[in-house]
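S.K.: Have a look at this one.
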Amino acid sequence: MPSFALVAEGITDQVVIERIIFTVSNSILDDIDDEADIQPLQPLRDVTDQSRVAEGAFGGWERVREFCQTPERLEQALEFNDYLVIHIDTDMCEHANFGVSLSDEGQPVTAIDLLDRVSAKLKDWLGENFLNTHSDRLIFAIAVHSTECWLLTFYGRTEVDKCRELSCFTHLERNLNRLDRRIEKNHKSFSDISTCFKKNKELIASRKLSISLEAFISSLESKLTPRIASMD
């Protein structure tokens with residue numbers, strides 16, 4: 001199975017993205033018994049699966065930006081892995097240090113346009129040299145506006161909930177309460193909740209409801225599918 005270095009905003013984002021990578025990899029490369037090898041590089045986790053990033057420090061997206069702007073860390077990430085997956089949410093993209101607008105002439109931009117803008121920003125952080133050398137091994141996981149929105153595509157009771165892009169954690173919590181389930185922002189809780197994407201059929205249904213989830217899965221597929229031909 002392929003190996004992935006994973007850079008994400010937070011621990012809970014890591015869990016969701018890892019589950020999606022496992023499922024998509026197993027679906028495409030189903031003739032291989034081993035699961036995908038995923039190495040979380042940002043944020044790092046200790047033995048209790050707690051983030052090593054101190055409370056009150058930089059926000060998760062700022063840590064992602066810092067990683068992307070450090071050539072040595074980028075090269076190390078690909079030295080021992082086939083692919084580098086970079087996750088970022090769009091909820092803070094209007095921050096001055098992020099610099100991506102959510103509107104255009106007073107009107108909200110579409111999810112597709114927002115993905116294009118944030119993708120361009122990530123490429124700007126990574127730099128031309130890195131992109132010219134490694135673009136074929138790079139996968140963006142850009143969530144509009146958070147990975148909780150991806151989970152809502154499964155747990156949402158109504159079509160409106162399933163397609164939400166704002167306040168997704170709050171609505172995810174409400175929908176889970178309806179199912180007598182609880183959610184907390186930690187590794188264990190999200191590991192349990194993200195099992196909704198353990199089967200490819202659930203992921204297929206969810207990707208139809210979220211443009212940003214579809215974009216991430218399509219990017220994964222576009223990188224992994226050629227591996228089939230190379231192994232024939």
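Letters A, B, ... mark the chains of the structure tokens in the order given; residue numbers begin at 1 per chain; ligand numbers begin at 1, in order shown.
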Apply DSSP to the structure's backbone, then extract all residues of region 9-179 of chain A labelled strand (DSSP E) and return them as a PyMOL selection string.
M.R.: chain A and resi 37-42+83-89+103-104+107-108+138-143
S.K.: Could you give me, as a ChimeraX atom specification, the residues within 12 Å of Asp192 (chain A), counting only C-alpha atoms and dropping anything in the same chain fewer than 4 positions from it?
M.R.: /A:12,15-16,19,151,176,181-188,196-198
S.K.: Ranking A:Leu74, A:Gln14, A:Asp82, A:Arg207 by minimum distance to Asp37 (chain A) and counting only C-alpha atoms, which one comes first?
M.R.: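 Residue with the minimum atom-to-atom distance to Asp37 (chain A): A:Asp82.
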S.K.: List every residue of region 152-217 of chain A that has an atom at most 12 Å from any atom of region 102-114 of chain A, giving for each one its closest atom pair and the distance in Å to one decimal, counting only C-alpha atoms, sorted by chain and then by ascending residue number, as a Markdown table.
M.R.:
```
| residue | atom | partner | partner_atom | distance |
| --- | --- | --- | --- | --- |
| A:Cys163 | CA | A:Ala111 | CA | 11.6 |
| A:Arg164 | CA | A:Ala111 | CA | 11.6 |
| A:Glu165 | CA | A:Ala111 | CA | 9.2 |
| A:Leu166 | CA | A:Ala111 | CA | 12.0 |
| A:Leu209 | CA | A:Ala111 | CA | 12.0 |
| A:Ser210 | CA | A:Ala111 | CA | 9.1 |
| A:Ile211 | CA | A:Ala111 | CA | 6.7 |
| A:Ser212 | CA | A:Ala111 | CA | 7.2 |
| A:Leu213 | CA | A:Ala111 | CA | 10.8 |
| A:Glu214 | CA | A:Ile112 | CA | 10.7 |
| A:Ala215 | CA | A:Ile112 | CA | 9.1 |
```
S.K.: Could you pull out the alpha helix (DSSP H) residues of region 65-160 of chain A from DSSP and send them as a ChimeraX atom specification?
M.R.: /A:65-68,71-79,111-126,128-134,147-155,159-160
S.K.: Please determine, counting only C-alpha atoms, which residue among A:Thr70, A:Thr147, A:Thr158, A:Ser25 has the shortest atom-to-atom distance to Ser3 (chain A).
M.R.: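 Of the candidates, the smallest distance to Ser3 (chain A) is held by A:Ser25.
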S.K.: Please compute the CA of Phe22 (chain A)-CA of Asn200 (chain A) distance, one decimal, in Å.
M.R.: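 Rounded to one decimal, the two atoms are 9.9 Å apart.
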S.K.: Write out as an MDAnalysis selection string each polymer residue whose atoms come within 12 Å of Ala141 (chain A), counting only C-alpha atoms; drop sequence neighbours fewer than 3 positions from it.
M.R.: chainID A and resid 6:9 13:14 16:18 20:21 64 84:90 115 118:119 122 138 144:147 150 211:220
S.K.: From the options A:Asn175, A:Thr195, A:Ser222, A:Gln69, which residue's atoms come nearest to Arg137 (chain A), counting only C-alpha atoms?
M.R.: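 Nearest candidate to Arg137 (chain A) out of A:Asn175, A:Thr195, A:Ser222, A:Gln69: A:Ser222.
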S.K.: Could you work out how far CA of Phe4 (chain A) lies from CA of Ser194 (chain A), giving the answer in Å with one decimal?
M.R.: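 Computing the Euclidean distance for CA of Ser194 (chain A) and CA of Phe4 (chain A) yields 18.7 Å.
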S.K.: Give the answer as one residue: which of A:Asp161, A:Asn132, A:Phe154, A:Glu66 has the shortest atom-to-atom distance to Lys201 (chain A), using only C-alpha atoms?
M.R.: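 With only C-alpha atoms as the atom set, the closest residue is A:Phe154.
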S.K.: Quote the spacing between CA of His134 (chain A) and CA of Lys121 (chain A) in Å to one decimal place.
M.R.: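 Going from CA of His134 (chain A) over to CA of Lys121 (chain A), I get 16.7 Å.
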S.K.: Please provide as a VMD selection string all residues within 8 Å of His171 (chain A), with the sequence filter that same-chain residues fewer than 2 positions apart are discarded (counting only C-alpha atoms).
M.R.: chain A and resid 152 156 161 167 to 169 173 to 175
S.K.: Export, as an mmCIF file, in the first residue's frame, the selected residues with C-alpha atoms.
M.R.:
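Output file out_27.cif is given in full below:
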```cif
data_model
loop_
_atom_site.group_PDB
_atom_site.id
_atom_site.type_symbol
_atom_site.label_atom_id
_atom_site.label_comp_id
_atom_site.auth_asym_id
_atom_site.auth_seq_id
_atom_site.Cartn_x
_atom_site.Cartn_y
_atom_site.Cartn_z
ATOM 1 C CA LEU A 152 -22.557 15.890 8.597
ATOM 2 C CA GLY A 156 -27.356 14.925 9.143
ATOM 3 C CA ASP A 161 -28.073 19.485 7.541
ATOM 4 C CA SER A 167 -21.360 25.918 12.240
ATOM 5 C CA CYS A 168 -20.954 22.254 11.387
ATOM 6 C CA PHE A 169 -19.658 21.088 14.755
ATOM 7 C CA GLU A 173 -23.410 17.539 17.856
ATOM 8 C CA ARG A 174 -27.188 18.076 17.652
ATOM 9 C CA ASN A 175 -27.653 15.307 15.105
#
```
